[in-house]
>>> print(open('run-v2.cif').read())   # mmCIF, C-alpha atoms and all ligand atoms
data_start
loop_
_atom_site.label_atom_id
_atom_site.label_comp_id
_atom_site.auth_asym_id
_atom_site.auth_seq_id
_atom_site.Cartn_x
_atom_site.Cartn_y
_atom_site.Cartn_z
CA MET I 32 0.00 0.00 0.00
CA THR I 33 1.35 3.45 -0.84
CA ALA I 34 1.12 5.89 2.03
CA PRO I 35 -1.48 8.68 1.66
CA LYS I 36 -0.02 12.14 0.95
CA ARG I 37 -0.27 14.42 3.97
CA ALA I 38 -0.88 18.14 3.76
CA PRO I 39 2.23 20.08 4.90
CA GLY I 40 2.16 21.60 8.36
CA GLY I 41 1.72 18.46 10.41
CA PHE I 42 -1.92 17.80 9.48
CA PRO I 43 -3.14 14.27 10.18
CA VAL I 44 -4.47 11.38 8.11
CA VAL I 45 -7.87 9.96 9.04
CA GLY I 46 -8.46 6.38 7.94
CA ILE I 47 -12.02 5.31 7.17
CA ILE I 48 -12.86 1.62 6.99
CA GLY I 49 -15.38 1.21 4.19
CA GLY I 50 -15.64 3.23 1.01
CA GLY I 51 -19.36 3.99 0.93
CA GLN I 52 -21.20 7.27 0.65
CA LEU I 53 -20.52 8.39 4.22
CA ALA I 54 -16.76 8.20 3.65
CA ARG I 55 -17.26 9.99 0.33
CA MET I 56 -19.14 12.86 1.96
CA CYS I 57 -16.28 13.38 4.46
CA GLN I 58 -13.99 14.43 1.60
CA PRO I 59 -15.13 18.07 1.07
CA ALA I 60 -14.95 18.63 4.84
CA ALA I 61 -11.49 17.03 5.00
CA GLU I 62 -10.23 19.31 2.23
CA ASN I 63 -11.38 22.39 4.10
CA LEU I 64 -9.84 21.17 7.35
CA SER I 65 -6.57 20.34 5.51
CA ILE I 66 -6.90 16.75 6.63
CA THR I 67 -6.03 13.81 4.41
CA LEU I 68 -8.41 10.88 4.18
CA SER I 69 -7.54 7.32 3.34
CA VAL I 70 -10.30 4.75 2.84
CA LEU I 71 -10.17 0.99 2.92
CA ALA I 72 -12.51 0.47 -0.02
CA GLU I 73 -14.47 -2.62 -1.05
CA SER I 74 -13.60 -2.02 -4.71
CA PRO I 75 -11.82 0.55 -6.90
CA ASP I 76 -15.18 2.03 -7.92
CA ALA I 77 -16.65 2.28 -4.39
CA ALA I 78 -18.41 5.63 -3.82
CA ALA I 79 -15.54 7.08 -1.75
CA ALA I 80 -12.77 5.65 -3.93
CA LEU I 81 -14.01 7.85 -6.80
CA VAL I 82 -13.17 11.06 -4.90
CA ILE I 83 -10.47 10.16 -2.34
CA PRO I 84 -6.99 9.63 -3.83
CA SER I 85 -5.85 7.16 -1.16
CA ALA I 86 -8.33 4.29 -1.42
CA PRO I 87 -6.57 0.94 -1.13
CA VAL I 88 -8.88 -1.99 -1.84
CA GLY I 89 -9.30 -4.40 1.04
CA SER I 90 -11.78 -6.16 3.27
CA HIS I 91 -12.99 -4.89 6.65
CA LEU I 92 -13.22 -8.57 7.67
CA ASP I 93 -9.49 -9.27 7.17
CA VAL I 94 -7.37 -8.39 10.23
CA ASP I 95 -4.10 -8.20 8.28
CA GLU I 96 -5.50 -5.94 5.59
CA VAL I 97 -7.10 -3.65 8.16
CA LEU I 98 -3.88 -3.45 10.22
CA ALA I 99 -1.77 -2.72 7.11
CA PHE I 100 -4.24 0.01 6.13
CA ALA I 101 -4.22 1.55 9.64
CA ARG I 102 -0.41 1.78 9.75
CA ASP I 103 -0.48 4.95 7.61
CA CYS I 104 -3.32 6.61 9.55
CA ASP I 105 -3.28 8.75 12.70
CA VAL I 106 -6.79 7.70 13.67
CA VAL I 107 -9.26 5.17 12.28
CA THR I 108 -13.02 5.53 11.97
CA PHE I 109 -15.83 3.84 10.01
CA ASP I 110 -18.14 4.21 7.05
CA HIS I 111 -20.37 1.47 8.45
CA GLU I 112 -20.85 -0.57 11.63
CA HIS I 113 -20.00 -4.02 10.28
CA VAL I 114 -16.35 -4.36 11.33
CA PRO I 115 -16.25 -7.48 13.55
CA ALA I 116 -15.16 -7.18 17.19
CA PRO I 117 -11.92 -9.24 16.76
CA VAL I 118 -10.75 -6.88 13.99
CA LEU I 119 -11.60 -3.84 16.12
CA HIS I 120 -9.73 -5.24 19.10
CA ALA I 121 -6.69 -6.07 16.93
CA LEU I 122 -6.58 -2.39 15.93
CA VAL I 123 -6.77 -1.26 19.54
CA GLU I 124 -4.07 -3.75 20.58
CA ALA I 125 -1.83 -2.44 17.80
CA GLY I 126 -2.11 1.01 19.42
CA VAL I 127 -4.27 2.57 16.68
CA PRO I 128 -6.63 5.28 17.98
CA VAL I 129 -10.09 3.99 16.94
CA HIS I 130 -13.25 6.14 17.15
CA PRO I 131 -15.84 5.15 18.09
CA LYS I 132 -14.21 2.53 20.31
CA PRO I 133 -15.30 -1.11 20.05
CA GLU I 134 -16.93 -0.91 23.49
CA ALA I 135 -19.27 1.83 22.22
CA LEU I 136 -19.74 0.48 18.70
CA VAL I 137 -21.26 -2.74 20.01
CA TYR I 138 -24.45 -0.84 20.96
CA ALA I 139 -24.98 0.03 17.29
CA GLN I 140 -24.03 -3.48 16.11
CA ASP I 141 -26.18 -5.50 18.45
CA LYS I 142 -29.76 -4.42 19.21
CA LEU I 143 -30.03 -6.80 22.19
CA ALA I 144 -26.89 -5.33 23.79
CA MET I 145 -28.30 -1.84 23.10
CA ARG I 146 -31.69 -2.61 24.73
CA GLU I 147 -30.00 -4.13 27.78
CA ARG I 148 -27.69 -1.15 28.32
CA LEU I 149 -30.36 1.50 27.71
CA THR I 150 -32.69 -0.23 30.15
CA GLU I 151 -29.90 -0.32 32.78
CA LEU I 152 -29.46 3.42 32.27
CA GLY I 153 -33.18 4.10 32.63
CA ILE I 154 -33.48 5.49 29.06
CA PRO I 155 -37.06 4.92 27.79
CA CYS I 156 -37.35 1.91 25.42
CA PRO I 157 -40.28 -0.14 24.07
CA ALA I 158 -41.08 -3.18 26.24
CA TRP I 159 -38.64 -5.84 25.00
CA ALA I 160 -37.27 -9.32 25.61
CA GLN I 161 -34.72 -11.69 24.19
CA VAL I 162 -36.62 -14.66 22.76
CA HIS I 163 -35.18 -18.04 21.75
CA ASP I 164 -38.25 -19.82 20.41
CA THR I 165 -41.95 -19.56 19.63
CA VAL I 166 -42.89 -20.41 23.23
CA GLU I 167 -40.98 -17.41 24.59
CA LEU I 168 -42.34 -15.18 21.82
CA ALA I 169 -45.91 -16.31 22.57
CA ALA I 170 -45.40 -15.47 26.25
CA PHE I 171 -44.07 -12.01 25.31
CA GLY I 172 -46.97 -11.32 22.92
CA ASP I 173 -49.55 -12.49 25.43
CA LEU I 174 -48.06 -10.16 28.07
CA HIS I 175 -47.51 -7.03 25.95
CA GLY I 176 -50.08 -7.54 23.19
CA TRP I 177 -50.02 -8.52 19.54
CA PRO I 178 -48.69 -7.73 17.02
CA VAL I 179 -45.07 -7.92 18.17
CA VAL I 180 -42.12 -6.32 16.39
CA LEU I 181 -39.44 -8.97 15.95
CA LYS I 182 -35.85 -8.04 15.11
CA THR I 183 -32.63 -9.82 14.27
CA PRO I 184 -30.12 -8.38 16.75
CA ARG I 185 -27.38 -7.91 14.15
CA GLY I 186 -27.01 -6.89 10.53
CA GLY I 187 -30.39 -5.16 9.95
CA TYR I 188 -30.71 -1.93 7.95
CA ASP I 189 -33.50 -0.08 6.12
CA GLY I 190 -36.09 -2.27 7.83
CA LYS I 191 -34.45 -5.56 6.73
CA GLY I 192 -34.23 -7.69 9.84
CA VAL I 193 -37.48 -6.23 11.25
CA ARG I 194 -40.79 -8.01 11.06
CA VAL I 195 -44.22 -7.42 12.56
CA VAL I 196 -45.82 -10.71 13.59
CA ASP I 197 -49.38 -11.46 14.70
CA SER I 198 -48.57 -14.84 16.19
CA ALA I 199 -45.56 -16.79 17.41
CA THR I 200 -45.81 -19.53 14.78
CA GLU I 201 -45.43 -16.93 12.02
CA ALA I 202 -41.82 -16.43 13.12
CA GLN I 203 -40.81 -20.11 13.09
CA ASP I 204 -38.54 -19.62 10.05
CA TRP I 205 -36.49 -16.98 11.89
CA PHE I 206 -36.12 -19.18 14.98
CA ASP I 207 -34.99 -22.04 12.71
CA ARG I 208 -31.78 -20.06 12.14
CA GLY I 209 -30.84 -20.85 15.76
CA GLU I 210 -30.07 -17.29 16.90
CA PRO I 211 -31.94 -15.49 19.69
CA LEU I 212 -34.17 -12.63 18.52
CA LEU I 213 -35.30 -9.31 19.97
CA ALA I 214 -39.04 -9.02 20.59
CA GLU I 215 -40.48 -5.54 21.10
CA ALA I 216 -43.93 -4.19 21.86
CA LYS I 217 -45.32 -2.31 18.84
CA VAL I 218 -45.11 1.34 19.84
CA PRO I 219 -48.15 3.47 18.87
CA PHE I 220 -45.93 6.35 17.84
CA THR I 221 -47.15 9.59 16.24
CA ARG I 222 -43.94 10.06 14.26
CA GLU I 223 -40.28 9.10 14.10
CA LEU I 224 -37.65 11.55 15.30
CA ALA I 225 -33.88 11.50 15.44
CA VAL I 226 -31.24 13.44 17.26
CA LEU I 227 -27.72 13.79 15.98
CA ALA I 228 -24.83 14.61 18.26
CA ALA I 229 -21.06 14.48 18.44
CA ARG I 230 -18.61 13.85 21.25
CA SER I 231 -14.85 14.11 21.21
CA PRO I 232 -12.42 11.90 23.18
CA SER I 233 -11.78 14.74 25.62
CA GLY I 234 -15.52 14.92 26.31
CA GLN I 235 -16.71 18.00 24.38
CA ALA I 236 -20.19 17.38 22.98
CA ALA I 237 -22.63 19.14 20.66
CA VAL I 238 -26.23 18.31 19.72
CA TRP I 239 -28.15 19.42 16.63
CA PRO I 240 -31.89 20.14 16.87
CA VAL I 241 -34.15 17.05 16.91
CA VAL I 242 -35.46 16.24 13.41
CA GLN I 243 -38.44 14.33 12.05
CA THR I 244 -37.70 11.37 9.78
CA VAL I 245 -40.32 10.10 7.36
CA GLN I 246 -40.06 6.44 6.32
CA THR I 247 -41.62 4.79 3.29
CA ASP I 248 -41.53 0.98 3.13
CA GLY I 249 -38.88 0.92 5.89
CA ILE I 250 -36.59 3.41 4.08
CA CYS I 251 -36.07 6.98 5.26
CA THR I 252 -37.33 9.19 2.42
CA GLU I 253 -37.53 12.64 4.02
CA VAL I 254 -36.06 14.53 6.97
CA LEU I 255 -37.51 17.76 8.36
CA ALA I 256 -35.13 19.88 10.40
CA PRO I 257 -36.05 20.83 13.02
CA ALA I 258 -39.02 18.52 13.76
CA PRO I 259 -42.11 20.73 13.17
CA GLY I 260 -44.15 21.59 16.24
CA LEU I 261 -42.00 19.57 18.61
CA ASP I 262 -42.78 20.18 22.26
CA PRO I 263 -39.78 22.18 23.62
CA ASP I 264 -39.65 19.99 26.75
CA LEU I 265 -39.51 16.87 24.62
CA GLN I 266 -36.75 18.42 22.46
CA ALA I 267 -34.79 19.07 25.66
CA GLN I 268 -35.41 15.56 27.04
CA ILE I 269 -34.26 13.88 23.81
CA ALA I 270 -31.16 16.10 23.52
CA GLN I 271 -30.39 15.38 27.17
CA ALA I 272 -30.72 11.63 26.60
CA ALA I 273 -28.29 11.83 23.67
CA LEU I 274 -25.72 13.69 25.77
CA ARG I 275 -26.13 11.28 28.64
CA LEU I 276 -25.71 8.28 26.34
CA ALA I 277 -22.62 9.86 24.80
CA GLY I 278 -21.00 10.09 28.22
CA GLU I 279 -22.21 6.77 29.65
CA LEU I 280 -21.29 4.74 26.56
CA ASP I 281 -18.11 6.79 25.96
CA ILE I 282 -19.16 7.47 22.38
CA THR I 283 -16.66 9.33 20.21
CA GLY I 284 -17.49 10.83 16.83
CA VAL I 285 -20.89 11.67 15.39
CA PHE I 286 -23.80 9.45 16.40
CA ALA I 287 -27.56 9.41 15.99
CA VAL I 288 -30.35 8.32 18.32
CA GLU I 289 -33.56 7.31 16.53
CA VAL I 290 -36.66 7.77 18.67
CA PHE I 291 -40.42 7.37 18.46
CA GLU I 292 -42.65 10.22 19.63
CA VAL I 293 -45.41 8.80 21.80
CA PRO I 294 -48.66 10.71 22.38
CA GLY I 295 -49.37 11.94 25.90
CA VAL I 296 -51.73 9.92 28.08
CA ALA I 297 -55.07 11.63 28.94
CA GLY I 298 -54.04 14.97 27.42
CA GLY I 299 -50.60 14.87 29.08
CA PRO I 300 -47.40 15.91 27.28
CA PRO I 301 -45.89 13.67 24.59
CA SER I 302 -42.96 11.42 25.48
CA TYR I 303 -40.44 9.30 23.59
CA VAL I 304 -38.84 5.89 23.46
CA VAL I 305 -35.51 5.11 21.82
CA ASN I 306 -35.62 2.90 18.75
CA GLU I 307 -31.93 2.52 17.95
CA LEU I 308 -28.45 4.01 17.92
CA ALA I 309 -26.11 4.65 14.99
CA MET I 310 -22.45 5.35 15.76
CA ARG I 311 -21.48 7.30 12.67
CA PRO I 312 -22.75 10.12 10.51
CA HIS I 313 -26.33 9.19 9.72
CA ASN I 314 -28.97 9.67 7.03
CA SER I 315 -31.03 11.76 9.48
CA GLY I 316 -28.08 14.20 9.54
CA HIS I 317 -27.57 14.73 5.81
CA TRP I 318 -29.50 18.00 6.09
CA THR I 319 -26.55 19.46 8.02
CA MET I 320 -24.43 19.53 4.83
CA ASP I 321 -26.34 22.62 3.71
CA GLY I 322 -28.59 23.51 6.65
CA SER I 323 -26.15 23.77 9.55
CA VAL I 324 -23.07 25.91 10.17
CA THR I 325 -21.12 22.66 10.66
CA SER I 326 -22.01 19.52 8.70
CA GLN I 327 -22.08 16.13 10.39
CA PHE I 328 -19.11 15.04 8.24
CA GLU I 329 -16.93 17.96 9.30
CA GLN I 330 -18.01 17.39 12.90
CA HIS I 331 -17.17 13.71 12.73
CA LEU I 332 -13.64 14.48 11.52
CA ARG I 333 -13.21 17.13 14.21
CA ALA I 334 -14.50 14.74 16.87
CA VAL I 335 -12.35 11.72 15.97
CA LEU I 336 -9.27 13.98 15.84
CA ASP I 337 -10.19 15.55 19.19
CA LEU I 338 -10.31 18.99 17.55
CA PRO I 339 -12.71 21.56 19.03
CA LEU I 340 -16.23 20.90 17.71
CA GLY I 341 -17.96 23.26 15.28
CA GLU I 342 -21.08 25.36 15.73
CA VAL I 343 -24.28 23.34 15.17
CA ALA I 344 -26.76 26.22 14.65
CA PRO I 345 -29.09 25.88 11.63
CA ARG I 346 -28.56 28.27 8.71
CA ALA I 347 -32.29 28.75 8.09
CA PRO I 348 -35.56 28.20 9.98
CA TRP I 349 -36.15 24.97 8.02
CA THR I 350 -34.10 22.47 6.05
CA VAL I 351 -35.69 19.55 4.21
CA MET I 352 -33.69 16.55 3.02
CA GLY I 353 -35.11 14.15 0.44
CA ASN I 354 -33.43 10.84 -0.27
CA VAL I 355 -32.98 10.04 -3.95
CA LEU I 356 -33.67 6.43 -4.87
CA GLY I 357 -32.64 4.86 -8.13
CA GLY I 358 -35.32 4.44 -10.81
CA ALA I 359 -35.57 2.41 -13.97
CA ASP I 360 -33.39 4.73 -16.05
CA GLU I 361 -29.63 4.31 -15.56
CA GLU I 362 -28.85 7.58 -17.33
CA LEU I 363 -29.06 10.39 -14.77
CA TYR I 364 -27.11 13.35 -16.13
CA SER I 365 -29.74 14.86 -18.41
CA THR I 366 -32.39 14.68 -15.66
CA TYR I 367 -29.89 16.20 -13.27
CA ARG I 368 -29.19 19.13 -15.62
CA HIS I 369 -32.90 19.88 -15.98
CA LEU I 370 -33.35 19.80 -12.23
CA LEU I 371 -30.54 22.28 -11.61
CA ALA I 372 -32.13 24.64 -14.13
CA ARG I 373 -35.58 24.29 -12.57
CA ASP I 374 -34.48 24.97 -8.96
CA PRO I 375 -31.24 26.94 -8.55
CA GLY I 376 -31.52 26.87 -4.72
CA LEU I 377 -31.59 23.07 -4.64
CA LYS I 378 -28.49 21.23 -3.38
CA VAL I 379 -28.08 17.81 -4.98
CA HIS I 380 -25.64 15.32 -3.49
CA LEU I 381 -25.12 12.20 -5.57
CA TYR I 382 -22.94 9.35 -4.35
CA GLY I 383 -21.37 8.18 -7.61
CA LYS I 384 -23.24 4.87 -7.42
CA ALA I 385 -24.67 2.96 -10.34
CA VAL I 386 -28.44 3.42 -10.55
CA ARG I 387 -30.48 0.43 -9.42
CA PRO I 388 -34.20 0.58 -8.68
CA GLY I 389 -34.78 1.39 -5.00
CA ARG I 390 -31.09 1.93 -4.19
CA LYS I 391 -30.18 5.12 -2.27
CA ILE I 392 -28.05 7.00 -4.81
CA GLY I 393 -28.06 10.47 -3.30
CA HIS I 394 -30.08 13.10 -1.52
CA VAL I 395 -31.23 16.68 -1.98
CA ASN I 396 -31.35 19.53 0.51
CA VAL I 397 -33.32 22.77 0.44
CA TYR I 398 -33.48 25.38 3.16
CA GLY I 399 -35.53 28.51 3.80
CA ASP I 400 -38.58 29.93 5.57
CA ASP I 401 -41.57 28.07 4.14
CA LEU I 402 -41.69 24.45 5.24
CA ASP I 403 -44.51 23.36 2.90
CA GLN I 404 -42.76 24.83 -0.11
CA LEU I 405 -39.44 23.27 0.86
CA ARG I 406 -41.09 19.86 1.23
CA ALA I 407 -42.70 20.18 -2.19
CA ARG I 408 -39.36 21.15 -3.78
CA ALA I 409 -37.41 18.32 -2.14
CA GLN I 410 -40.09 15.78 -2.99
CA HIS I 411 -40.27 16.91 -6.60
CA ALA I 412 -36.49 16.77 -6.99
CA ALA I 413 -36.26 13.27 -5.51
CA ASP I 414 -39.18 12.01 -7.63
CA TYR I 415 -37.79 13.64 -10.76
CA LEU I 416 -34.38 12.03 -10.32
CA GLU I 417 -36.06 8.70 -9.65
CA GLY I 418 -38.13 9.14 -12.78
CA THR I 419 -41.54 8.85 -11.09
CA VAL I 420 -42.44 12.37 -12.30
CA ARG I 421 -41.35 13.63 -15.71
CA GLN I 422 -41.67 17.39 -15.41
P1 LIG S 1 -33.32 -0.90 10.93
O1 LIG S 1 -32.16 -1.30 11.76
O2 LIG S 1 -33.53 -1.76 9.74
O3 LIG S 1 -33.34 0.59 10.61
P2 LIG S 1 -35.33 -0.38 12.95
O4 LIG S 1 -35.16 -1.04 14.26
O5 LIG S 1 -35.01 1.08 12.85
O6 LIG S 1 -34.58 -1.21 11.83
O7 LIG S 1 -36.84 -0.58 12.47
C1 LIG S 1 -37.29 -0.18 11.17
C2 LIG S 1 -38.65 0.49 11.27
O8 LIG S 1 -39.61 -0.40 11.88
C3 LIG S 1 -38.66 1.73 12.17
O9 LIG S 1 -38.24 2.87 11.45
C4 LIG S 1 -40.11 1.78 12.60
O10 LIG S 1 -40.91 2.38 11.59
C5 LIG S 1 -40.49 0.31 12.71
N1 LIG S 1 -40.31 -0.15 14.11
C6 LIG S 1 -39.18 -0.65 14.66
N2 LIG S 1 -39.37 -0.99 15.95
C7 LIG S 1 -40.65 -0.70 16.25
C8 LIG S 1 -41.45 -0.80 17.43
N3 LIG S 1 -40.98 -1.33 18.56
N4 LIG S 1 -42.74 -0.38 17.35
C9 LIG S 1 -43.25 0.14 16.21
N5 LIG S 1 -42.55 0.25 15.07
C10 LIG S 1 -41.27 -0.16 15.07
#
>>> encode(input="run-v2.cif", output="structure tokens")
Amino acid sequence: MTAPKRAPGGFPVVGIIGGGQLARMCQPAAENLSITLSVLAESPDAAAALVIPSAPVGSHLDVDEVLAFARDCDVVTFDHEHVPAPVLHALVEAGVPVHPKPEALVYAQDKLAMRERLTELGIPCPAWAQVHDTVELAAFGDLHGWPVVLKTPRGGYDGKGVRVVDSATEAQDWFDRGEPLLAEAKVPFTRELAVLAARSPSGQAAVWPVVQTVQTDGICTEVLAPAPGLDPDLQAQIAQAALRLAGELDITGVFAVEVFEVPGVAGGPPSYVVNELAMRPHNSGHWTMDGSVTSQFEQHLRAVLDLPLGEVAPRAPWTVMGNVLGGADEELYSTYRHLLARDPGLKVHLYGKAVRPGRKIGHVNVYGDDLDQLRARAQHAADYLEGTVRQ
């Protein structure tokens, strides 16, 4: 592996394991901070490898490849949460500064470990249990009510690994795999929210405003920042929970806490329960690229390097992010050109990925004063790029 070229003046190299879109979106921030990135990419045409000069190809599952990659880096962080614990511990044992640390990352890798720890800390969660078979699931459902939300503890994303079941026998095929599952009560939430925060190794922390995330078929399609009409007390409680978790779990870097807003009982104030944690820049934070003084990608680099954190104030009253999914047409550039002409205030971020139907290939951001208008513009842009509207 050739060593990445450092900027003069003693500026560091940040290594990112995984060459996906999150690593790619760190590059503009790294340039402005004078920091060099190096990514361990899955392939030469991985999203990040197209824009980051140092992108050796290697596997995040191979200890030797990961250690060789880390040798040229001052700190190592992640594009995704799938690096196995033995590889993470080998990095730590080799003296590589790793952020987030394996002890924190486990709570984003394993939903059972996350539920256990959050419950210990008294952070509100849905009723839950670890279940090994249909008998245990039936007992859980009978106690907390059907349907039950059943989850595979590891490896889920975009709703894969989550299933709503009306009876225990329905889940027999999942139990046949021989792994314990996470059973949760189905929360009657009014909407899904997320809070994004960052913490540095020396303990400085910053929290962005709580946002609303809108999911379609298990995929986040829209983010409204800040969450419209959110009760100020609930905003404060959720932000407080994120800060507390950051300290208790010793999280370093940017992280997101996904929560459900739960209606108040008998006219009382609304409350929340935590759905899950992500220990990296997150889809719910893409709005910060254009809508916040400091983007989540810049903040992540600052945090993992233990630099002072940046200001997290929004640039406008509202920012709307729309995820762009691939459509049937592989050719994107002509559509893209038309879109830029139609809406000069629109910010389009594409990830350099081949178009496949339903695949997240980018997102758009718009910011300003009129939330309804911003939503319409973001929605139109995403639909137009996907090819579901033609004008
Ligand atoms: P993933 O890891 O795939 O993102 P999540 O745990 O976030 O999976 O679940 C995906 C979606 O399923 C959530 O966004 C939410 O809409 C729904 N969901 C998950 N858990 C519950 C629950 N306990 N009650 C109600 N809905 C849930």
>>> closest_atom_pairs(input="run-v2.cif", of="chain I", to="ligand LIG 1 (chain S)", cutoff="10 Å", atoms="only C-alpha atoms and all ligand atoms", output="tab-separated table")
residue	atom	partner	partner_atom	distance
I:Ala139	CA	S:LIG1	O1	9.2
I:Gln140	CA	S:LIG1	O1	9.5
I:Asp141	CA	S:LIG1	O1	9.9
I:Lys142	CA	S:LIG1	O4	8.1
I:Cys156	CA	S:LIG1	N3	8.4
I:Pro157	CA	S:LIG1	N3	5.7
I:Ala158	CA	S:LIG1	N3	7.9
I:Trp159	CA	S:LIG1	N3	8.2
I:Pro178	CA	S:LIG1	N4	9.5
I:Val179	CA	S:LIG1	N3	7.8
I:Val180	CA	S:LIG1	N3	5.6
I:Leu181	CA	S:LIG1	N2	8.0
I:Lys182	CA	S:LIG1	O4	7.1
I:Thr183	CA	S:LIG1	O1	8.9
I:Pro184	CA	S:LIG1	O1	8.9
I:Arg185	CA	S:LIG1	O1	8.5
I:Gly186	CA	S:LIG1	O1	7.7
I:Gly187	CA	S:LIG1	O1	4.6
I:Tyr188	CA	S:LIG1	O2	3.3
I:Asp189	CA	S:LIG1	O2	4.0
I:Gly190	CA	S:LIG1	O2	3.2
I:Lys191	CA	S:LIG1	O2	4.9
I:Gly192	CA	S:LIG1	O2	6.0
I:Val193	CA	S:LIG1	O7	5.8
I:Arg194	CA	S:LIG1	O8	7.7
I:Val195	CA	S:LIG1	C10	8.2
I:Leu213	CA	S:LIG1	N3	9.9
I:Ala214	CA	S:LIG1	N3	8.2
I:Glu215	CA	S:LIG1	N3	4.9
I:Ala216	CA	S:LIG1	N3	5.3
I:Lys217	CA	S:LIG1	N4	3.5
I:Val218	CA	S:LIG1	N4	3.8
I:Pro219	CA	S:LIG1	C9	6.5
I:Phe220	CA	S:LIG1	C9	7.0
I:Arg222	CA	S:LIG1	O10	8.7
I:Glu223	CA	S:LIG1	O9	7.1
I:Leu224	CA	S:LIG1	O9	9.5
I:Thr244	CA	S:LIG1	O9	8.7
I:Val245	CA	S:LIG1	O9	8.6
I:Gln246	CA	S:LIG1	O9	6.5
I:Thr247	CA	S:LIG1	O10	8.7
I:Asp248	CA	S:LIG1	O10	8.6
I:Gly249	CA	S:LIG1	C2	5.4
I:Ile250	CA	S:LIG1	O9	7.6
I:Cys251	CA	S:LIG1	O9	7.7
I:Glu289	CA	S:LIG1	O5	7.4
I:Val290	CA	S:LIG1	O9	8.9
I:Phe291	CA	S:LIG1	C9	8.1
I:Val304	CA	S:LIG1	N3	9.0
I:Val305	CA	S:LIG1	N3	9.1
I:Asn306	CA	S:LIG1	O4	6.0
I:Glu307	CA	S:LIG1	O4	6.1
I:Leu308	CA	S:LIG1	O5	8.8
I:Ala309	CA	S:LIG1	O1	9.1
>>> residues_around(input="run-v2.cif", residues="Leu136 in chain I", least_positions_apart="2", cutoff="10 Å", atoms="all atoms listed in the file", output="list of chain:residue names")
I:Glu112, I:His113, I:Val114, I:Ala116, I:Leu119, I:His130, I:Pro131, I:Lys132, I:Pro133, I:Glu134, I:Tyr138, I:Ala139, I:Gln140, I:Asp141, I:Met145, I:Leu280, I:Asp281, I:Ile282, I:Thr283, I:Leu308, I:Ala309, I:Met310, I:Arg311
>>> atom_distance(input="run-v2.cif", atom1="CA of Asn354 in chain I", atom2="CA of Lys378 in chain I")
11.9 Å
>>> residues_near_point(input="run-v2.cif", point="(-25.7, 13.2, 3.0)", cutoff="9 Å", atoms="all atoms listed in the file", output="PyMOL selection string")
chain I and resi 52-53+56+312-320+327-328+352+354+380-382+393-396
>>> write_last_selection(input="run-v2.cif", atoms="C-alpha atoms", output="compact mmCIF listing (two decimals), keeping the file's coordinate frame")
# COMPACT_ATOMS: atom_id res chain seq x y z
CA GLN I 52 -21.20 7.27 0.65
CA LEU I 53 -20.52 8.39 4.22
CA MET I 56 -19.14 12.86 1.96
CA PRO I 312 -22.75 10.12 10.51
CA HIS I 313 -26.33 9.19 9.72
CA ASN I 314 -28.97 9.67 7.03
CA SER I 315 -31.03 11.76 9.48
CA GLY I 316 -28.08 14.20 9.54
CA HIS I 317 -27.57 14.73 5.81
CA TRP I 318 -29.50 18.00 6.09
CA THR I 319 -26.55 19.46 8.02
CA MET I 320 -24.43 19.53 4.83
CA GLN I 327 -22.08 16.13 10.39
CA PHE I 328 -19.11 15.04 8.24
CA MET I 352 -33.69 16.55 3.02
CA ASN I 354 -33.43 10.84 -0.27
CA HIS I 380 -25.64 15.32 -3.49
CA LEU I 381 -25.12 12.20 -5.57
CA TYR I 382 -22.94 9.35 -4.35
CA GLY I 393 -28.06 10.47 -3.30
CA HIS I 394 -30.08 13.10 -1.52
CA VAL I 395 -31.23 16.68 -1.98
CA ASN I 396 -31.35 19.53 0.51
>>> closest_residue(input="run-v2.cif", among="I:Thr150, I:Thr350, I:Gln235, I:Thr419", to="Leu377 in chain I", atoms="all atoms listed in the file")
I:Thr350
>>> residues_near_point(input="run-v2.cif", point="(-4.5, -2.1, 9.7)", cutoff="10 Å", atoms="all atoms listed in the file", output="number ranges by chain")
I: 46, 48, 71, 91, 93-104, 107, 118-119, 121-122, 125, 127
>>> atom_distance(input="run-v2.cif", atom1="CA of Gly234 in chain I", atom2="CA of Gly49 in chain I")
26.0 Å
>>> closest_residue(input="run-v2.cif", among="I:Val106, I:Pro388, I:Val397, I:Ala267", to="Asp321 in chain I", atoms="all atoms listed in the file")
I:Val397
>>> atom_distance(input="run-v2.cif", atom1="CA of Gln330 in chain I", atom2="CA of Pro59 in chain I")
12.2 Å
>>> closest_residue(input="run-v2.cif", among="I:Ala347, I:Leu340, I:Val324, I:Leu227", to="Val288 in chain I", atoms="all atoms listed in the file")
I:Leu227
>>> closest_residue(input="run-v2.cif", among="I:Ala144, I:Val296, I:Leu416, I:Val335", to="Pro128 in chain I", atoms="only C-alpha atoms")
I:Val335
>>> residues_around(input="run-v2.cif", residues="Ser302 in chain I", least_positions_apart="5", cutoff="9 Å", atoms="only C-alpha atoms", output="list in words")
Leu265, Gln268, Phe291, Glu292, Val293, Pro294 and Gly295 of chain I
>>> residues_around(input="run-v2.cif", residues="range 203-207 of chain I", least_positions_apart="3", cutoff="7 Å", atoms="only C-alpha atoms", output="JSON, numbers by chain")
{"I": [163, 164, 165, 200, 210]}
>>> closest_residue(input="run-v2.cif", among="I:Leu152, I:Leu92, I:Ala229, I:Ala258", to="Ala334 in chain I", atoms="all atoms listed in the file")
I:Ala229
>>> closest_residue(input="run-v2.cif", among="I:Pro257, I:Gly376, I:Pro300, I:Pro339", to="Arg230 in chain I", atoms="all atoms listed in the file")
I:Pro339
>>> residues_around(input="run-v2.cif", residues="Ala38 in chain I", least_positions_apart="2", cutoff="10 Å", atoms="all atoms listed in the file", output="PyMOL selection string")
chain I and resi 35-36+40-44+62+65-67
